Structure formats: structure tokens, C-alpha cells
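Okay, work-v8.txt is below, compact mmCIF, C-alpha atoms:
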# COMPACT_ATOMS: atom_id res chain seq x y z
CA MET A 1238 143.39 40.36 44.71
CA ASP A 1239 144.08 40.10 41.01
CA SER A 1240 143.34 36.80 39.43
CA ARG A 1241 146.94 36.15 38.40
CA SER A 1242 148.27 36.15 41.97
CA GLU A 1243 145.26 34.14 43.09
CA ASN A 1244 145.98 31.59 40.39
CA ARG A 1245 149.58 31.38 41.52
CA LYS A 1246 148.42 30.58 45.05
CA LEU A 1247 146.05 27.92 43.75
CA TRP A 1248 148.85 26.36 41.70
CA LEU A 1249 151.03 26.36 44.79
CA LEU A 1250 148.28 24.63 46.73
CA LEU A 1251 147.87 22.09 43.94
CA GLY A 1252 151.59 21.39 44.04
CA LEU A 1253 151.53 20.92 47.80
CA LEU A 1254 148.59 18.51 47.57
CA ALA A 1255 150.45 16.54 44.92
CA ALA A 1256 153.57 16.39 47.12
CA LEU A 1257 151.44 15.27 50.07
CA SER A 1258 149.83 12.58 47.96
CA LEU A 1259 153.19 11.21 46.82
CA SER A 1260 154.74 11.30 50.26
CA LEU A 1261 151.85 9.25 51.64
CA PHE A 1262 153.18 6.39 49.54
CA LEU A 1263 156.88 7.20 49.46
CA ILE A 1264 157.58 7.88 53.16
CA PRO A 1265 156.53 4.43 54.40
CA ALA A 1266 157.94 2.74 51.29
CA PHE A 1267 161.30 4.39 51.95
CA ILE A 1268 161.39 3.66 55.67
CA ILE A 1269 160.08 0.08 55.53
CA ARG A 1270 162.63 -1.29 53.09
CA PRO A 1271 164.96 -4.25 53.38
CA PHE A 1272 168.63 -4.24 54.38
CA ARG A 1273 168.39 -0.88 56.09
CA TYR A 1274 168.23 0.14 59.71
CA GLN A 1275 164.84 1.27 61.02
CA SER A 1276 164.79 3.22 64.25
CA GLU A 1277 161.74 2.84 66.45
CA SER A 1278 160.60 6.41 65.76
CA ALA A 1279 161.03 6.09 61.99
CA LEU A 1280 159.01 2.89 62.02
CA ALA A 1281 156.31 4.55 64.13
CA LEU A 1282 156.16 7.40 61.62
CA ALA A 1283 155.87 4.99 58.68
CA ILE A 1284 153.04 3.10 60.37
CA ALA A 1285 151.23 6.32 61.28
CA VAL A 1286 151.46 7.53 57.67
CA LYS A 1287 150.23 4.15 56.39
CA ARG A 1288 147.19 4.43 58.63
CA ILE A 1289 146.00 7.80 57.31
CA ALA A 1290 147.22 7.26 53.74
CA PRO A 1291 144.14 5.55 52.22
CA ALA A 1292 141.73 8.35 53.19
CA LEU A 1293 144.16 11.24 52.86
CA SER A 1294 145.47 10.21 49.44
CA LEU A 1295 141.90 10.25 48.10
CA ALA A 1296 141.23 13.65 49.64
CA ALA A 1297 144.46 15.03 48.14
CA LEU A 1298 143.56 13.60 44.75
CA ALA A 1299 140.11 15.21 44.90
CA GLY A 1300 141.75 18.52 45.82
CA VAL A 1301 144.20 18.29 42.91
CA LEU A 1302 141.34 17.51 40.54
CA ALA A 1303 139.15 20.36 41.77
CA LEU A 1304 141.95 22.91 41.61
CA GLY A 1305 143.11 21.71 38.20
CA LEU A 1306 139.63 21.98 36.70
CA ARG A 1307 139.24 25.46 38.11
CA LEU A 1308 142.59 26.57 36.69
CA TRP A 1309 142.24 24.74 33.36
CA ARG A 1310 140.77 27.56 31.27
CA SER A 1311 143.28 30.18 32.34
CA SER A 1312 146.28 27.87 31.95
CA SER A 1313 148.88 27.50 29.27
CA LYS A 1314 149.48 24.19 27.54
CA LEU A 1315 152.53 23.60 29.69
CA LEU A 1316 150.60 24.11 32.92
CA ARG A 1317 147.79 21.90 31.65
CA SER A 1318 150.15 19.04 30.92
CA GLY A 1319 151.76 19.63 34.32
CA PHE A 1320 148.33 19.25 35.89
CA VAL A 1321 147.63 16.00 33.99
CA VAL A 1322 150.97 14.50 35.10
CA THR A 1323 150.26 15.54 38.70
CA LEU A 1324 146.81 13.98 38.53
CA VAL A 1325 148.20 10.70 37.22
CA LEU A 1326 150.87 10.60 39.95
CA GLY A 1327 148.29 11.40 42.62
CA ALA A 1328 146.01 8.63 41.34
CA ALA A 1329 148.95 6.18 41.24
CA SER A 1330 149.80 7.07 44.82
CA ALA A 1331 146.18 6.57 45.92
CA VAL A 1332 146.30 3.11 44.30
CA MET A 1333 149.72 2.19 45.72
CA VAL A 1334 148.85 3.06 49.34
CA ARG A 1335 146.14 0.38 49.07
CA GLN A 1336 148.53 -2.30 47.83
CA ASN A 1337 150.47 -4.74 49.96
CA TYR A 1338 153.49 -5.16 47.71
CA PHE A 1339 155.18 -7.42 50.27
CA GLU A 1340 152.60 -10.02 49.28
CA TRP A 1341 153.53 -9.49 45.63
CA MET A 1342 157.05 -10.62 46.50
CA PHE A 1343 156.06 -13.41 48.87
CA HIS A 1344 152.67 -14.83 47.99
CA PRO A 1345 150.57 -15.87 50.98
CA ILE A 1346 149.20 -19.39 51.37
CA THR A 1347 145.47 -18.90 50.92
CA ALA A 1348 144.42 -22.54 51.20
CA ALA A 1349 146.96 -24.86 52.79
CA GLY A 1350 147.05 -28.42 51.55
CA PHE A 1351 148.51 -31.32 53.50
CA VAL A 1352 149.80 -34.73 52.57
CA SER A 1353 150.52 -37.67 54.83
CA ALA A 1354 154.11 -38.12 55.97
CA GLY A 1355 154.45 -41.19 53.75
CA ASP A 1356 153.33 -39.33 50.62
CA ALA A 1357 155.42 -36.18 51.14
CA ARG A 1358 158.09 -35.72 48.51
CA LEU A 1359 160.80 -34.47 50.82
CA SER A 1360 164.27 -35.77 51.35
CA ASP A 1361 165.06 -37.00 54.85
CA LYS A 1362 167.66 -34.23 55.21
CA GLU A 1363 165.22 -31.36 54.73
CA MET A 1364 164.40 -29.29 57.79
CA VAL A 1365 160.82 -28.94 58.97
CA MET A 1366 159.11 -27.02 61.74
CA ALA A 1367 157.11 -29.56 63.70
CA VAL A 1368 154.19 -29.24 66.10
CA GLN A 1369 152.23 -31.78 68.02
CA VAL A 1370 148.75 -31.21 69.44
CA GLY A 1371 147.33 -34.25 71.16
CA PRO A 1372 147.55 -37.14 68.72
CA GLU A 1373 148.20 -35.02 65.65
CA ALA A 1374 151.63 -34.02 64.34
CA ARG A 1375 152.25 -31.50 61.59
CA ALA A 1376 155.42 -30.59 59.74
CA TYR A 1377 156.04 -27.41 57.77
CA PRO A 1378 159.02 -27.65 55.40
CA ILE A 1379 161.28 -24.69 56.09
CA VAL A 1380 162.12 -24.18 52.43
CA GLN A 1381 158.41 -23.46 51.87
CA MET A 1382 157.97 -21.30 54.96
CA ALA A 1383 161.11 -19.28 54.16
CA TYR A 1384 159.25 -18.11 51.03
CA HIS A 1385 155.63 -17.72 52.22
CA HIS A 1386 156.74 -16.61 55.73
CA ILE A 1387 153.32 -16.99 57.35
CA LEU A 1388 150.73 -19.73 57.55
CA ASN A 1389 147.52 -19.42 59.53
CA ASP A 1390 146.76 -22.99 60.53
CA THR A 1391 144.54 -24.80 63.00
CA VAL A 1392 145.71 -28.04 64.59
CA VAL A 1393 143.09 -30.01 66.52
CA GLY A 1394 141.26 -26.77 67.28
CA VAL A 1395 144.34 -24.78 68.23
CA PRO A 1396 144.79 -21.75 65.96
CA ILE A 1397 148.47 -21.17 65.26
CA ALA A 1398 150.56 -18.86 63.12
CA VAL A 1399 153.53 -20.67 61.64
CA THR A 1400 156.12 -18.00 60.91
CA TYR A 1401 159.59 -18.15 59.48
CA MET B 1424 155.57 -20.07 65.91
CA TRP B 1425 152.69 -18.48 67.79
CA LYS B 1426 149.19 -19.18 68.98
CA ARG B 1427 147.17 -16.73 66.96
CA THR B 1428 144.86 -15.46 69.66
CA ALA B 1429 145.05 -12.20 71.59
CA ARG B 1430 142.60 -10.73 74.10
CA GLY B 1431 140.31 -13.66 73.50
CA ARG B 1432 140.16 -13.12 69.74
CA GLU B 1433 141.29 -15.40 66.96
CA LEU B 1434 143.55 -13.56 64.52
CA HIS B 1435 144.71 -14.17 60.95
CA PHE B 1436 148.09 -12.77 60.05
CA TYR B 1437 149.58 -11.56 56.81
CA LEU B 1438 152.99 -10.28 55.79
CA ALA B 1439 153.07 -6.48 55.97
CA GLY B 1440 156.66 -5.25 55.97
CA ILE B 1441 160.14 -5.54 57.27
CA ASN B 1442 161.89 -4.05 60.28
CA ASN B 1443 165.64 -4.49 60.59
CA GLN B 1444 165.45 -7.66 58.47
CA ASN B 1445 162.78 -9.13 60.64
CA PHE B 1446 159.33 -9.23 59.21
CA LEU B 1447 156.26 -7.32 60.31
CA MET B 1448 152.82 -8.83 60.12
CA ARG B 1449 149.33 -7.47 60.51
CA ASP B 1450 146.15 -9.19 61.57
CA ARG B 1451 143.07 -9.03 59.35
CA GLU B 1452 140.78 -8.54 62.34
CA THR B 1453 142.18 -5.26 63.74
CA GLY B 1454 144.95 -4.25 61.33
CA SER B 1455 147.41 -4.07 64.24
CA TRP B 1456 151.13 -4.36 63.47
CA TRP B 1457 153.17 -7.22 64.96
CA GLN B 1458 156.85 -7.99 65.07
CA GLN B 1459 157.26 -11.61 64.02
CA VAL B 1460 160.31 -12.43 66.13
CA THR B 1461 158.89 -11.15 69.43
CA GLY B 1462 155.20 -11.91 68.86
CA ARG B 1463 154.37 -8.44 70.16
CA ALA B 1464 151.97 -5.90 68.70
CA ILE B 1465 153.83 -2.61 68.19
CA ALA B 1466 151.01 -0.46 66.76
CA GLY B 1467 147.26 -0.46 66.31
CA GLU B 1468 144.36 -1.51 68.50
CA LEU B 1469 146.22 -4.48 69.96
CA ALA B 1470 149.49 -2.60 70.63
CA GLY B 1471 151.15 -4.01 73.74
CA SER B 1472 149.58 -7.46 73.37
CA ALA B 1473 151.87 -10.46 73.14
CA LEU B 1474 151.18 -13.75 71.40
CA GLU B 1475 151.75 -16.97 73.27
CA LEU B 1476 154.58 -19.12 71.98
CA MET B 1477 153.52 -22.38 70.31
CA PRO B 1478 156.05 -25.05 71.32
CA ASN B 1479 157.65 -26.50 68.22
CA ASP B 1480 160.72 -28.31 66.98
CA GLU B 1481 163.02 -27.71 64.08
CA LEU B 1482 163.94 -31.18 62.87
CA THR B 1483 165.05 -32.99 59.76
CA PHE B 1484 162.13 -34.61 57.97
CA GLY B 1485 163.73 -38.04 58.46
CA LEU B 1486 163.97 -37.64 62.22
CA TRP B 1487 160.45 -36.20 62.50
CA LYS B 1488 159.04 -39.17 60.59
CA SER B 1489 160.88 -41.67 62.78
CA GLU B 1490 159.51 -40.01 65.94
CA THR B 1491 155.95 -39.60 64.69
CA PRO B 1492 153.47 -42.43 64.37
CA GLN B 1493 152.08 -42.65 60.83
CA GLY B 1494 148.44 -41.85 60.27
CA ARG B 1495 148.17 -38.64 62.24
CA ALA B 1496 151.23 -37.02 60.70
CA LEU B 1497 150.63 -34.37 58.04
CA VAL B 1498 153.08 -32.37 55.99
CA LEU B 1499 152.33 -28.98 54.42
CA ALA B 1500 152.15 -29.52 50.67
CA PRO B 1501 153.92 -27.17 48.26
CA VAL B 1502 151.56 -24.49 46.96
CA SER B 1503 151.12 -25.23 43.29
CA GLY B 1504 152.76 -22.68 41.05
CA HIS B 1505 155.32 -21.76 43.70
CA GLU B 1506 157.64 -24.74 43.44
CA LYS B 1507 160.22 -22.52 41.77
CA ASP B 1508 160.11 -20.02 44.65
CA TYR B 1509 161.24 -22.66 47.14
CA ASP B 1510 164.96 -22.10 47.03
CA LYS B 1511 166.87 -24.95 48.65
CA GLU B 1512 169.94 -22.72 48.81
CA TRP B 1513 168.11 -19.93 50.66
CA GLU B 1514 170.33 -20.15 53.74
CA LYS B 1515 173.45 -19.56 51.66
CA GLU B 1516 171.72 -16.69 49.84
CA VAL B 1517 170.55 -15.00 53.04
CA ALA B 1518 174.03 -15.36 54.55
CA LYS B 1519 175.28 -12.98 51.86
CA TYR B 1520 172.68 -10.27 52.54
CA PRO B 1521 173.80 -7.07 54.22
CA VAL B 1522 172.72 -6.52 57.83
CA PRO B 1523 170.99 -3.38 59.13
CA LEU B 1524 172.68 -3.59 62.52
CA THR B 1525 175.99 -4.86 63.72
CA PHE B 1526 177.11 -5.90 67.20
CA PRO B 1527 180.82 -6.60 67.32
CA GLY B 1528 182.69 -7.32 70.54
CA GLN B 1529 181.13 -10.59 71.68
CA GLY B 1530 183.08 -12.80 69.33
CA LEU B 1531 180.30 -13.46 66.84
CA LYS B 1532 179.76 -12.41 63.26
CA ASP B 1533 176.48 -10.67 62.36
CA ARG B 1534 175.01 -13.64 60.51
CA ASP B 1535 176.32 -16.40 62.75
CA VAL B 1536 173.38 -18.62 63.68
CA VAL B 1537 172.72 -18.80 67.40
CA LEU B 1538 170.26 -20.65 69.57
CA GLY B 1539 168.80 -18.10 71.96
CA ILE B 1540 167.36 -18.98 75.34
CA VAL B 1541 165.72 -16.70 77.89
CA ILE B 1542 165.17 -18.05 81.40
CA GLY B 1543 164.10 -15.85 84.30
CA GLY B 1544 164.88 -12.72 82.28
CA GLN B 1545 168.43 -13.88 81.47
CA ALA B 1546 169.26 -14.29 77.80
CA ARG B 1547 172.07 -16.40 76.41
CA ALA B 1548 173.13 -17.15 72.86
CA PHE B 1549 174.70 -20.48 71.91
CA PRO B 1550 176.53 -20.50 68.58
CA LEU B 1551 174.99 -23.35 66.56
CA GLU B 1552 178.44 -24.47 65.38
CA LYS B 1553 179.49 -25.02 68.98
CA VAL B 1554 176.32 -26.91 69.87
CA ARG B 1555 176.72 -29.24 66.90
CA GLY B 1556 180.41 -29.74 67.65
CA ALA B 1557 180.13 -30.68 71.32
CA SER B 1558 176.74 -32.17 71.93
CA PRO B 1559 175.42 -32.23 74.54
CA VAL B 1560 176.35 -28.78 75.76
CA ASP B 1561 175.62 -28.42 79.47
CA ASP B 1562 175.13 -24.98 80.94
CA LYS B 1563 173.20 -23.00 83.55
CA ILE B 1564 171.03 -19.97 82.83
CA GLY B 1565 169.60 -18.07 85.77
CA GLY B 1566 170.39 -21.08 87.96
CA VAL B 1567 168.53 -23.48 85.68
CA PRO B 1568 170.60 -26.36 84.28
CA VAL B 1569 170.10 -26.88 80.56
CA ALA B 1570 171.43 -29.37 78.04
CA LEU B 1571 171.60 -28.53 74.33
CA VAL B 1572 171.45 -31.79 72.44
CA THR B 1573 172.09 -32.52 68.77
CA GLY B 1574 170.03 -35.50 67.64
CA PRO B 1575 170.92 -38.73 65.87
CA ASP B 1576 170.74 -36.99 62.46
CA GLY B 1577 173.55 -34.61 63.48
CA GLU B 1578 171.31 -31.63 62.58
CA SER B 1579 168.23 -31.36 64.75
CA VAL B 1580 168.68 -29.68 68.14
CA ARG B 1581 166.56 -29.86 71.27
CA ILE B 1582 167.15 -28.17 74.59
CA PHE B 1583 166.15 -29.78 77.87
CA ARG B 1584 166.04 -28.70 81.47
CA SER B 1585 168.56 -31.18 82.88
CA GLN B 1586 166.80 -31.76 86.13
CA TRP B 1587 165.06 -34.88 87.24
CA ASN B 1588 163.40 -35.58 90.55
CA GLY B 1589 164.49 -32.15 91.77
CA LEU B 1590 168.17 -32.94 91.14
CA ASP B 1591 170.48 -31.49 88.53
CA ILE B 1592 171.71 -34.20 86.18
CA GLU B 1593 174.49 -34.11 83.68
CA LEU B 1594 173.84 -35.76 80.34
CA TYR B 1595 176.45 -37.53 78.21
CA ARG B 1596 176.37 -39.12 74.80
CA ASP B 1597 176.79 -42.85 75.02
CA ALA B 1598 178.98 -43.30 71.98
CA GLN B 1599 179.62 -46.99 72.72
CA ASN B 1600 176.02 -47.91 72.14
CA PRO B 1601 175.00 -48.47 68.49
CA GLU B 1602 171.63 -46.88 69.21
CA TRP B 1603 171.72 -43.12 69.78
CA ARG B 1604 171.17 -42.34 73.45
CA LEU B 1605 172.17 -40.14 76.36
CA VAL B 1606 173.13 -41.36 79.81
CA ASP B 1607 173.39 -39.66 83.18
CA SER B 1608 175.12 -40.43 86.45
CA GLN B 1609 171.89 -41.79 88.00
CA GLY B 1610 171.85 -44.77 85.66
CA ASN B 1611 169.20 -43.49 83.28
CA THR B 1612 169.29 -43.60 79.50
CA TRP B 1613 167.43 -40.94 77.53
CA ASN B 1614 166.31 -40.68 73.91
CA PHE B 1615 166.20 -37.55 71.75
CA THR B 1616 162.63 -36.73 72.72
CA GLY B 1617 164.01 -36.28 76.25
CA CYS B 1618 162.29 -39.33 77.69
CA ALA B 1619 164.05 -41.96 79.82
CA THR B 1620 164.16 -45.36 78.15
CA SER B 1621 165.67 -47.21 81.13
CA GLY B 1622 166.84 -46.56 84.67
CA PRO B 1623 164.95 -45.17 87.68
CA ALA B 1624 163.42 -42.41 85.54
CA ALA B 1625 162.12 -44.83 82.87
CA GLY B 1626 159.00 -43.53 81.16
CA GLN B 1627 159.46 -39.98 82.39
CA CYS B 1628 160.49 -37.04 80.25
CA LEU B 1629 162.64 -33.99 80.78
CA GLU B 1630 161.11 -30.55 80.38
CA LYS B 1631 161.75 -29.09 76.94
CA ILE B 1632 163.10 -25.53 76.80
CA ASN B 1633 161.88 -23.20 74.07
CA PHE B 1634 164.54 -21.46 72.08
CA LEU B 1635 164.90 -19.27 69.04
CA LYS B 1636 167.22 -20.09 66.16
CA ASP B 1637 168.29 -16.67 64.95
CA TYR B 1638 171.05 -14.62 63.43
CA TRP B 1639 173.35 -13.06 65.99
CA PHE B 1640 172.53 -9.44 65.03
CA ASP B 1641 168.79 -10.06 65.34
CA TRP B 1642 169.04 -11.92 68.64
CA LYS B 1643 171.29 -9.19 70.11
CA ASN B 1644 168.95 -6.47 68.86
CA TYR B 1645 166.00 -7.87 70.78
CA ASN B 1646 168.06 -9.15 73.72
CA PRO B 1647 170.62 -6.38 74.32
CA GLN B 1648 171.76 -7.88 77.66
CA THR B 1649 172.43 -11.32 76.19
CA THR B 1650 175.54 -13.23 77.15
CA VAL B 1651 177.25 -15.62 74.76
CA TYR B 1652 178.12 -19.20 75.64
CA SER B 1653 181.87 -19.57 75.29
CA HIS B 1654 183.27 -22.75 76.75

Could you express the structure from this file as C-alpha cells?
Amino acid sequence: MDSRSENRKLWLLLGLLAALSLSLFLIPAFIIRPFRYQSESALALAIAVKRIAPALSLAALAGVLALGLRLWRSSSKLLRSGFVVTLVLGAASAVMVRQNYFEWMFHPITAAGFVSAGDARLSDKEMVMAVQVGPEARAYPIVQMAYHHILNDTVVGVPIAVTY
Amino acid sequence: MWKRTARGRELHFYLAGINNQNFLMRDRETGSWWQQVTGRAIAGELAGSALELMPNDELTFGLWKSETPQGRALVLAPVSGHEKDYDKEWEKEVAKYPVPLTFPGQGLKDRDVVLGIVIGGQARAFPLEKVRGASPVDDKIGGVPVALVTGPDGESVRIFRSQWNGLDIELYRDAQNPEWRLVDSQGNTWNFTGCATSGPAAGQCLEKINFLKDYWFDWKNYNPQTTVYSH
């Protein structure tokens, strides 16, 4: 096999690895997006991709890097810059598949604070979610929960997830 | 609201995505994926598990305070730095959002708010507007008599099994009385916590029925066989 056709195959492989790397981020990001219908099978696909994405995106990035270095010397300037762009995109994808951008939009409550009912600065008209465990009552203002969405709380030893 | 234990393990949840405008959460312990509205794990190690419902009320702060003895009553404080994210107009904003699914034909608009009840496998949706307009609403689901009651604040809703001493009772608002109360044909009076304040049942309480306050499209999506209350 002459080296030119071999190089072409290696470039093709590099391109495929780059596409794989990007789709590991983009497929779930596209499927799990607001205001759109998700079928059960599409959601299952998105979750399956998310599961393998952290490991596979690193492997794809390593492959792109190895192939690029091997092809570097025999490549034109254009191909070299193409390789650098691909590498940057692959690295960005490997970073993004590790991010939970839903928590960028809606910050979680890491340490919940509570005030007594008398000290709470809430108007009487505001809605709260209320629980009672034994003698203890807790209220979660809905305007707060509608933003944070989830609170892991424990009331008199009972672990609960307040969700809204 | 859920108890955050499954298969004997305590779990900690975090927001992980969205599915047909209903959020997905994952637990830190196993990474399993859960649908918030159903409390069921749909993928991961715990797939198939279901969280147990934590009984709770949705009340106005004023009513909650009046029902709760001071001292052991705590309110979640705003997280500092996020005060601006708490949008008091969020309900109006969300009402404008597009919906991923639509279910015409049962007389409700996609984002109409319904109170959903499931008893003995039978699901029924009660439009919130109707419940607030004609409280109490008496109905039967799967043979079980229920009363949907709007409280003294005109906002908070509770649902009770309208059965006492093995007999079905019908509850009425006693509008003559200056104090908010319900009466029945057995001579009992009941307060908004569902407990009898006078009459033969004095001191006893009706069973509270869990329900979900939800948008029509979401309720119908997870309860395809649901009927709609329409009296």
C-alpha cells in the first residue's frame, strides 16, 4: 500500500473519531432539551450515550491525537490546522460530557438553611409545600423550589426529596 | 415529594435533565435516572425501583402558620445570591411555554392545572378552577367517596376520603358560620385539617388523599386512562 492511500485512510479514521467524539456530547444534548417531545426510545438512547460518553470521549480524543501526530509531518498546513481544530473540538466534547449544565441553569441547594416561621420573610399569600413528621413541621416556599427544583432534606430522621 | 430511600439505601438526588417538560434526576449513590413526577427509576442500577410518596400539603404560608404550632415550625431560607432567581411570576411565565405533547378531546387546555388522584388504579383529573369555584367538590373514584376542599384562604386545597365510621358522608360548607367549617348530615363539624371539631366524630380525623397538582398534558401523559371530573 502506498503511503498516500494509507494516509487518506488514517485521515478518514481521524475524522470518524472526531465525529464520534462530538456526537457523544451532541446526541444527548439534542434529545434531552426543553419544550420538545422525547419518545421513550430516544430518551433511552440519550441515557445510554451519556453512560459511555465519559470513557469513550477520552478514548476518541487519544485516538485523534495519536493519528494527528503520526500524520503531522506528511501534512499540508491546511490539514495541520484541520487537525488542531478537530483536537480542540474533541477536547471540548470530552469536557462537556462531564458537565451537568442543567445545574448551571438551576443551581442546587448545597446547604439548606432554615428560619423559624415567625422570622420568615414571606407574605401570607405565598404558597409553600409543607410536611409534618412527628412534632416538626417544615415549609418549602414554592417560588424557591420552582427554581432549585430539588432539595435533599432530613426531617426528624426521615430522608426526603422535596421536588418541584 | 418523595422519601429518598430505595432498596434500603439512602439516596441524594440532583437535577439531571428534562423529559417532556418534566424533570429527570439522578442519585449520587448509583447514578440511576429517575423521573421526578412518577418517582420511578427509568435507567441505571435502580431501574424499576419506585420511591415512596412523602405526604405533603401545598398551602399558603398564612394558613400553614395558623395550623402549625410555633417553635417546631421551620421555613426553608432563600439561598443567598439566588434571591433574583426566585421569580414570583413564574406560574404566568410557565403558562406561556410551549408543550411537548397535547391531548385535546377531554375539554381541557394543555396547561390547565388539574388535581390528579389515583385510587385503586383509577385516575381522575379535577380542574383546579372547578375545585376552587365549587368547594367542596364531592365525587367517587373507584367506589371511594372523596371531597376536594378549598381552605379558608381560598387557595389551599386538601382532599379527604369522605367516610366516617364506615359510612359515606357528604360535606358542605357552613357559610352561615363566621368561622370556616364544614358540616355533614351526621351533625359533625370539620375543620380544614379534616378533623371533627364537634358532633359524634369530635376529635377524629378524615383520611387525607394524596394528589398531584399538575398540568393537564403532563397528567394525561402519565395517566393515559384518566377521566376528567365534569359536573

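In this comparison, which uses only C-alpha atoms, the residue of B:Val1580, B:Ala1557, B:Val1569, B:Ala1548 approaching chain A most closely is B:Val1580.
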
Practice problem: In Å, rounded to a single decimal, give me how far CA of Val1522 (chain B) is from CA of Asp1641 (chain B). | Solution: 9.2 Å

Quiz prompt | Proximal residues of chain B relative to chain A (all atoms listed in the file; 7 Å) as a PyMOL selection string | solution = chain B and resi 1424-1427+1435-1444+1478-1485+1488+1493+1495-1501+1508-1511+1521-1524

Self-check item: Non-local contacts of Leu1324 (chain A) (7 Å; all atoms listed in the file; under 4 positions in same chain excluded) as a PyMOL selection string
Solution: chain A and resi 1301-1302+1320+1328

Practice problem: Extract, using only C-alpha atoms, all DNA, RNA and protein residues at most 8 Å from region 1307-1311 of chain A, discarding same-chain residues fewer than 6 positions from it, and format them as a list in words. | Solution: Asn1244, Leu1247 and Arg1317 of chain A

Quiz item: Using all atoms listed in the file, which of the listed residues (B:Leu1605, B:Ile1542, B:Val1517, B:Leu1447) sits closest to Ile1465 (chain B)?
Solution: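 Of B:Leu1605, B:Ile1542, B:Val1517, B:Leu1447, the one nearest Ile1465 (chain B), counting all atoms listed in the file, is B:Leu1447.
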
Quiz prompt | Atom pair CA of Trp1513 (chain B) / CA of Gln1529 (chain B): separation (Å) | solution =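 Going from CA of Trp1513 (chain B) over to CA of Gln1529 (chain B) covers 26.4 Å.
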
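A straight line drawn from CA of Ser1503 (chain B) to CA of Val1392 (chain A) is 22.2 Å long.
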
Self-check item: Within 12 Å of region 1251-1253 of chain A using all atoms listed in the file, minus same-chain residues under 2 positions, as JSON, numbers by chain
Solution: {"A": [1244, 1245, 1246, 1247, 1248, 1249, 1255, 1256, 1257, 1258, 1259, 1260, 1297, 1298, 1299, 1300, 1301, 1302, 1303, 1304, 1305, 1306, 1307, 1308, 1316, 1319, 1320, 1321, 1322, 1323, 1324, 1326, 1327]}

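Closest approach to Ile1582 (chain B) among B:Ser1608, B:Asn1633, B:Ser1621, B:Gln1599 is made by B:Asn1633 (distances from only C-alpha atoms).
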
Quiz item: Quick one: residues within 10 Å of Pro1559 (chain B), all atoms listed in the file counted, chain neighbours fewer than 3 positions away excluded, as a PyMOL selection string?
Solution: chain B and resi 1553-1556+1562+1569-1574+1580-1582+1593-1596+1605

Selected residues written out, C-alpha atoms, as a PDB file, in the coordinates of the input:
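As a result, again.pdb now contains:
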ATOM      1  CA  LYS B1553     179.490 -25.020  68.980  1.00  0.00           C
ATOM      2  CA  VAL B1554     176.320 -26.910  69.870  1.00  0.00           C
ATOM      3  CA  ARG B1555     176.720 -29.240  66.900  1.00  0.00           C
ATOM      4  CA  GLY B1556     180.410 -29.740  67.650  1.00  0.00           C
ATOM      5  CA  ASP B1562     175.130 -24.980  80.940  1.00  0.00           C
ATOM      6  CA  VAL B1569     170.100 -26.880  80.560  1.00  0.00           C
ATOM      7  CA  ALA B1570     171.430 -29.370  78.040  1.00  0.00           C
ATOM      8  CA  LEU B1571     171.600 -28.530  74.330  1.00  0.00           C
ATOM      9  CA  VAL B1572     171.450 -31.790  72.440  1.00  0.00           C
ATOM     10  CA  THR B1573     172.090 -32.520  68.770  1.00  0.00           C
ATOM     11  CA  GLY B1574     170.030 -35.500  67.640  1.00  0.00           C
ATOM     12  CA  VAL B1580     168.680 -29.680  68.140  1.00  0.00           C
ATOM     13  CA  ARG B1581     166.560 -29.860  71.270  1.00  0.00           C
ATOM     14  CA  ILE B1582     167.150 -28.170  74.590  1.00  0.00           C
ATOM     15  CA  GLU B1593     174.490 -34.110  83.680  1.00  0.00           C
ATOM     16  CA  LEU B1594     173.840 -35.760  80.340  1.00  0.00           C
ATOM     17  CA  TYR B1595     176.450 -37.530  78.210  1.00  0.00           C
ATOM     18  CA  ARG B1596     176.370 -39.120  74.800  1.00  0.00           C
ATOM     19  CA  LEU B1605     172.170 -40.140  76.360  1.00  0.00           C
TER      20      LEU B1605
END

Quiz item: B:Trp1587, B:Ser1653, B:Ile1564, B:Arg1430: which is nearest Glu1552 (chain B), counting all atoms listed in the file?
Solution: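 Checking each of B:Trp1587, B:Ser1653, B:Ile1564, B:Arg1430 against Glu1552 (chain B), counting all atoms listed in the file, the winner is B:Ser1653.
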
Exercise. Fewer than 4 positions away in the same chain doesn't count, so skip those; otherwise give me all residues within 8 Å of region 1565-1567 of chain B, counting all atoms listed in the file, as a ChimeraX atom specification.
Key: /B:1542-1545,1584

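Using all atoms listed in the file, every residue with an atom at most 12 Å from the point (174.2, -45.3, 76.5) is listed here: Leu1594, Tyr1595, Arg1596, Asp1597, Ala1598, Gln1599, Asn1600, Pro1601, Glu1602, Trp1603, Arg1604, Leu1605, Val1606, Asp1607, Ser1608, Gly1610, Asn1611, Thr1612, Trp1613, Asn1614, Ala1619, Thr1620, Ser1621 and Gly1622 of chain B.
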